[in-house]
Structures are given as structure tokens and as C-alpha cells.
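J.: Pasting target_34.cif below, which is mmCIF, C-alpha atoms.
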data_protein
loop_
_atom_site.group_PDB
_atom_site.id
_atom_site.type_symbol
_atom_site.label_atom_id
_atom_site.label_comp_id
_atom_site.auth_asym_id
_atom_site.auth_seq_id
_atom_site.Cartn_x
_atom_site.Cartn_y
_atom_site.Cartn_z
ATOM 1 C CA MET D 1 4.411 -7.854 -4.287
ATOM 2 C CA ILE D 2 2.224 -10.593 -2.758
ATOM 3 C CA LYS D 3 3.898 -10.171 0.635
ATOM 4 C CA LEU D 4 3.280 -6.400 0.463
ATOM 5 C CA LEU D 5 -0.357 -6.913 -0.542
ATOM 6 C CA LYS D 6 -0.909 -9.256 2.401
ATOM 7 C CA LYS D 7 0.568 -6.674 4.795
ATOM 8 C CA LEU D 8 -1.619 -3.941 3.315
ATOM 9 C CA VAL D 9 -4.764 -6.060 3.653
ATOM 10 C CA GLN D 10 -3.842 -7.033 7.227
ATOM 11 C CA ALA D 11 -3.618 -3.336 8.124
ATOM 12 C CA ASP D 12 -7.072 -2.198 9.272
ATOM 13 C CA THR D 13 -7.176 1.151 7.489
ATOM 14 C CA THR D 14 -10.757 2.071 8.281
ATOM 15 C CA SER D 15 -11.320 5.680 9.362
ATOM 16 C CA LYS D 16 -11.141 4.780 13.071
ATOM 17 C CA ASN D 17 -7.572 3.430 12.665
ATOM 18 C CA GLY D 18 -6.107 5.494 9.832
ATOM 19 C CA GLU D 19 -3.530 4.479 7.252
ATOM 20 C CA ILE D 20 -0.305 4.597 9.284
ATOM 21 C CA ALA D 21 0.209 0.806 9.438
ATOM 22 C CA ALA D 22 -0.209 0.450 5.669
ATOM 23 C CA ALA D 23 2.019 3.456 4.945
ATOM 24 C CA LYS D 24 4.728 1.946 7.169
ATOM 25 C CA ALA D 25 4.420 -1.395 5.315
ATOM 26 C CA ILE D 26 5.067 0.425 2.029
ATOM 27 C CA ASP D 27 7.984 2.304 3.585
ATOM 28 C CA GLU D 28 9.507 -1.022 4.719
ATOM 29 C CA PHE D 29 8.956 -2.548 1.260
ATOM 30 C CA LEU D 30 10.853 0.343 -0.358
ATOM 31 C CA GLU D 31 13.709 0.222 2.171
ATOM 32 C CA GLY D 32 17.011 -0.462 0.423
ATOM 33 C CA SER D 33 15.726 0.780 -2.932
ATOM 34 C CA PRO D 34 16.932 3.966 -4.652
ATOM 35 C CA LEU D 35 13.678 5.683 -3.657
ATOM 36 C CA GLU D 36 13.634 8.341 -0.953
ATOM 37 C CA THR D 37 10.497 7.924 1.158
ATOM 38 C CA THR D 38 8.712 10.303 3.470
ATOM 39 C CA LEU D 39 5.837 9.445 5.783
ATOM 40 C CA ASP D 40 3.411 12.354 6.009
ATOM 41 C CA CYS D 41 1.470 11.787 9.229
ATOM 42 C CA TRP D 42 -1.339 13.893 10.612
ATOM 43 C CA GLY D 43 -4.399 13.463 12.779
ATOM 44 C CA GLN D 44 -5.207 10.206 14.497
ATOM 45 C CA GLY D 45 -3.264 7.538 12.605
ATOM 46 C CA ARG D 46 -3.735 9.271 9.258
ATOM 47 C CA ALA D 47 -0.793 9.019 6.866
ATOM 48 C CA ASN D 48 0.415 9.299 3.307
ATOM 49 C CA ILE D 49 3.692 8.073 1.928
ATOM 50 C CA VAL D 50 5.658 9.886 -0.738
ATOM 51 C CA ALA D 51 8.398 8.076 -2.649
ATOM 52 C CA LYS D 52 10.766 10.138 -4.764
ATOM 53 C CA LEU D 53 13.506 9.131 -7.170
ATOM 54 C CA ASN D 54 16.095 11.735 -8.010
ATOM 55 C CA SER D 55 16.898 11.516 -11.688
ATOM 56 C CA ILE D 56 19.056 13.233 -14.268
ATOM 57 C CA ARG D 57 15.895 13.559 -16.402
ATOM 58 C CA LYS D 58 14.645 16.740 -14.762
ATOM 59 C CA ASN D 59 11.583 17.251 -16.984
ATOM 60 C CA LYS D 60 10.138 13.770 -16.597
ATOM 61 C CA ALA D 61 7.740 12.702 -13.872
ATOM 62 C CA LEU D 62 5.533 9.759 -13.073
ATOM 63 C CA LEU D 63 2.763 9.876 -10.495
ATOM 64 C CA PHE D 64 0.942 6.948 -8.932
ATOM 65 C CA ALA D 65 -2.101 8.205 -7.023
ATOM 66 C CA CYS D 66 -3.481 5.446 -4.822
ATOM 67 C CA HIS D 67 -5.378 5.248 -1.550
ATOM 68 C CA LEU D 68 -4.928 3.006 1.458
ATOM 69 C CA ASP D 69 -8.194 3.535 3.326
ATOM 70 C CA VAL D 70 -11.105 1.091 3.266
ATOM 71 C CA VAL D 71 -14.689 1.437 4.427
ATOM 72 C CA PRO D 72 -15.716 -0.500 7.543
ATOM 73 C CA GLN D 73 -16.736 -4.094 6.873
ATOM 74 C CA GLY D 74 -20.247 -3.505 8.184
ATOM 75 C CA GLN D 75 -22.562 -6.420 8.847
ATOM 76 C CA ALA D 76 -21.520 -8.469 5.822
ATOM 77 C CA GLU D 77 -20.451 -12.046 6.451
ATOM 78 C CA TRP D 78 -17.001 -12.763 5.081
ATOM 79 C CA GLU D 79 -15.876 -16.109 3.704
ATOM 80 C CA LYS D 80 -12.445 -15.294 5.149
ATOM 81 C CA PRO D 81 -11.732 -12.710 7.886
ATOM 82 C CA ALA D 82 -11.858 -9.182 6.428
ATOM 83 C CA PHE D 83 -8.321 -8.212 7.484
ATOM 84 C CA SER D 84 -6.647 -11.611 7.150
ATOM 85 C CA GLY D 85 -4.836 -11.329 3.827
ATOM 86 C CA ILE D 86 -5.259 -15.088 3.505
ATOM 87 C CA GLU D 87 -3.982 -16.632 0.271
ATOM 88 C CA ALA D 88 -6.156 -19.507 -0.968
ATOM 89 C CA ASP D 89 -7.046 -20.908 -4.383
ATOM 90 C CA GLY D 90 -4.691 -18.456 -6.098
ATOM 91 C CA ARG D 91 -6.362 -15.417 -4.508
ATOM 92 C CA ILE D 92 -5.696 -13.019 -1.653
ATOM 93 C CA TYR D 93 -8.777 -12.417 0.511
ATOM 94 C CA GLY D 94 -9.607 -9.318 2.535
ATOM 95 C CA ARG D 95 -10.703 -5.689 2.628
ATOM 96 C CA GLY D 96 -9.155 -3.599 -0.095
ATOM 97 C CA THR D 97 -7.808 -6.372 -2.318
ATOM 98 C CA ALA D 98 -9.876 -5.034 -5.239
ATOM 99 C CA ASP D 99 -10.151 -1.371 -4.151
ATOM 100 C CA MET D 100 -7.418 -0.360 -3.879
ATOM 101 C CA LYS D 101 -4.746 -2.184 -1.934
ATOM 102 C CA GLY D 102 -4.156 -4.656 -4.780
ATOM 103 C CA GLY D 103 -3.579 -1.808 -7.228
ATOM 104 C CA THR D 104 -1.438 0.042 -4.698
ATOM 105 C CA ALA D 105 0.808 -3.004 -4.153
ATOM 106 C CA ALA D 106 1.190 -3.398 -7.933
ATOM 107 C CA CYS D 107 2.093 0.291 -8.345
ATOM 108 C CA ILE D 108 4.613 0.207 -5.492
ATOM 109 C CA ALA D 109 6.259 -2.964 -6.837
ATOM 110 C CA ALA D 110 6.405 -1.421 -10.323
ATOM 111 C CA ILE D 111 7.977 1.841 -9.152
ATOM 112 C CA ARG D 112 10.578 -0.092 -7.143
ATOM 113 C CA GLN D 113 11.447 -2.126 -10.275
ATOM 114 C CA ILE D 114 11.683 1.063 -12.350
ATOM 115 C CA ALA D 115 13.918 2.714 -9.744
ATOM 116 C CA GLU D 116 16.199 -0.309 -9.456
ATOM 117 C CA SER D 117 16.519 -0.707 -13.223
ATOM 118 C CA GLY D 118 18.182 2.703 -13.472
#
Write the structure described by the file as C-alpha cells, please.
T.:
Amino acid sequence: MIKLLKKLVQADTTSKNGEIAAAKAIDEFLEGSPLETTLDCWGQGRANIVAKLNSIRKNKALLFACHLDVVPQGQAEWEKPAFSGIEADGRIYGRGTADMKGGTAACIAAIRQIAESG
């Protein structure tokens, strides 16, 4: 999960760049798992990723609704570079670690574990 979070933070997903790099990082993380993934791309670099697990439990569903975009860093001075994903002092630094790339990485890691556990 930490490796995925670092990749998500390193992906500049501000509106000028879109979410494609982060969506591809999630797709790569889920590669080899039982999940079927689809990249939904539109516009200039804009993207969603949908991961689906076919199950014999037809009436059961679980939805993780997360977002990959971040607002521009603006004029703020950063202790560490905004898109570095640097790990130091037990923390990952960068845009989106708290909202919402950290939560997204946790959700994606959890759904992979659920899928692989059968």
C-alpha cells in the first residue's frame, strides 16, 4: 500500500494534468489480482478506474468512492516537494496524502485483499 500511495502522490493530478497517471498506477497495482479493471478516460488526461469482482453472491455489493484529483499547490512553501511522495519520520509527504490519495490507497489495498481472500 505504501508503494501505491507514493505513486499516487507522485502523480500530479491537478486539473491541468488530469488523473490518468494515478488511475494507471492503481490499474498496475491491481494487475494479477482477481479484479477486472477498466480505465474510463475522457477529456485531457481525465480518468476514472473501475475495479469489478465477479462473485457468486449476486445481491451483494461494495462501493469505494474516492477521488484522485488535487488542487494546485499555489504559493505555499512545502517542507518537502509537493509531488515527491517522500517517506520520512514515518510519514509520506506530498499533495493528496490526507485528501484523498492516502484513503484511496487504503481502499484499493483493502479491496485487493478482499478479492484475493475469496
J.: With all atoms listed in the file as the atoms that count, which of D:Pro34, D:Gly85, D:Gly45, D:Pro72 lies nearest to Ile114 of chain D?
T.: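 The answer is D:Pro34, which sits nearest to Ile114 of chain D.
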J.: Taking the file as shown, find all residues satisfying the PyMOL selection byres ((chain D and resi 39) around 8) and write them as a VMD selection string.
T.: chain D and resid 23 to 24 27 37 to 38 40 to 41 47 to 50
J.: Would you mind reading off the distance between atom CA of Thr104 of chain D and atom CA of Cys66 of chain D, one decimal, in Å?
T.: 5.8 Å
J.: Excluding same-chain residues fewer than 6 positions from Lys101 of chain D, what lies within 10 Å of it counting only C-alpha atoms, as a list in words?
T.: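 After dropping sequence-adjacent residues, the list is Leu4, Leu5, Lys6, Lys7, Leu8, Val9, Ala22, Cys66, His67, Leu68, Asp69, Val70, Gly94, Arg95 and Cys107 of chain D.
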J.: May I have the residues within 9 Å of Glu36 of chain D as a PyMOL selection string, using only C-alpha atoms and disregarding those fewer than 2 positions away in the same chain?
T.: chain D and resi 30-31+33-34+38+50-54
J.: So the first atom is atom CA of Phe64 of chain D and the second is atom CA of Phe29 of chain D; what is the distance between them in Å, to one decimal place?
T.: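 It comes out at 16.1 Å.
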J.: Please report the interatomic distance between atom CA of Val71 of chain D and atom CA of Ser15 of chain D in Å with one decimal.
T.: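 Computed distance, atom CA of Val71 of chain D to atom CA of Ser15 of chain D, equals 7.3 Å.
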J.: Using only C-alpha atoms, pick whichever of D:Ala106, D:Ala76, D:Ala21, D:Ile111 has the shortest atom-to-atom distance to Ala61 of chain D.
T.: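 Closest candidate: D:Ile111.
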J.: Which is closest to Arg91 of chain D among D:Gly103, D:Leu35, D:Ile2, D:Arg112, if we use all atoms listed in the file?
T.: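 Of D:Gly103, D:Leu35, D:Ile2, D:Arg112, the one nearest Arg91 of chain D is D:Ile2, counting all atoms listed in the file.
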J.: Nearest to Gly96 of chain D: which of D:Glu116, D:Glu77, D:Glu28, D:Asp12 is it, counting only C-alpha atoms?
T.: D:Asp12
J.: If the box runs along x, y and z of the file and leaves 6 Å on each side of segment 2-18 of chain D, what are its centre and edge lengths in Å, one decimal, as JSON?
T.:
{"center_x": -3.7, "center_y": -2.5, "center_z": 5.2, "size_x": 27.2, "size_y": 28.3, "size_z": 27.8}
J.: From the options D:Gln10, D:Gly18, D:Leu63, D:Ala115, which residue's atoms come nearest to Ser84 of chain D, counting only C-alpha atoms?
T.: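 Smallest distance to Ser84 of chain D is found for D:Gln10.
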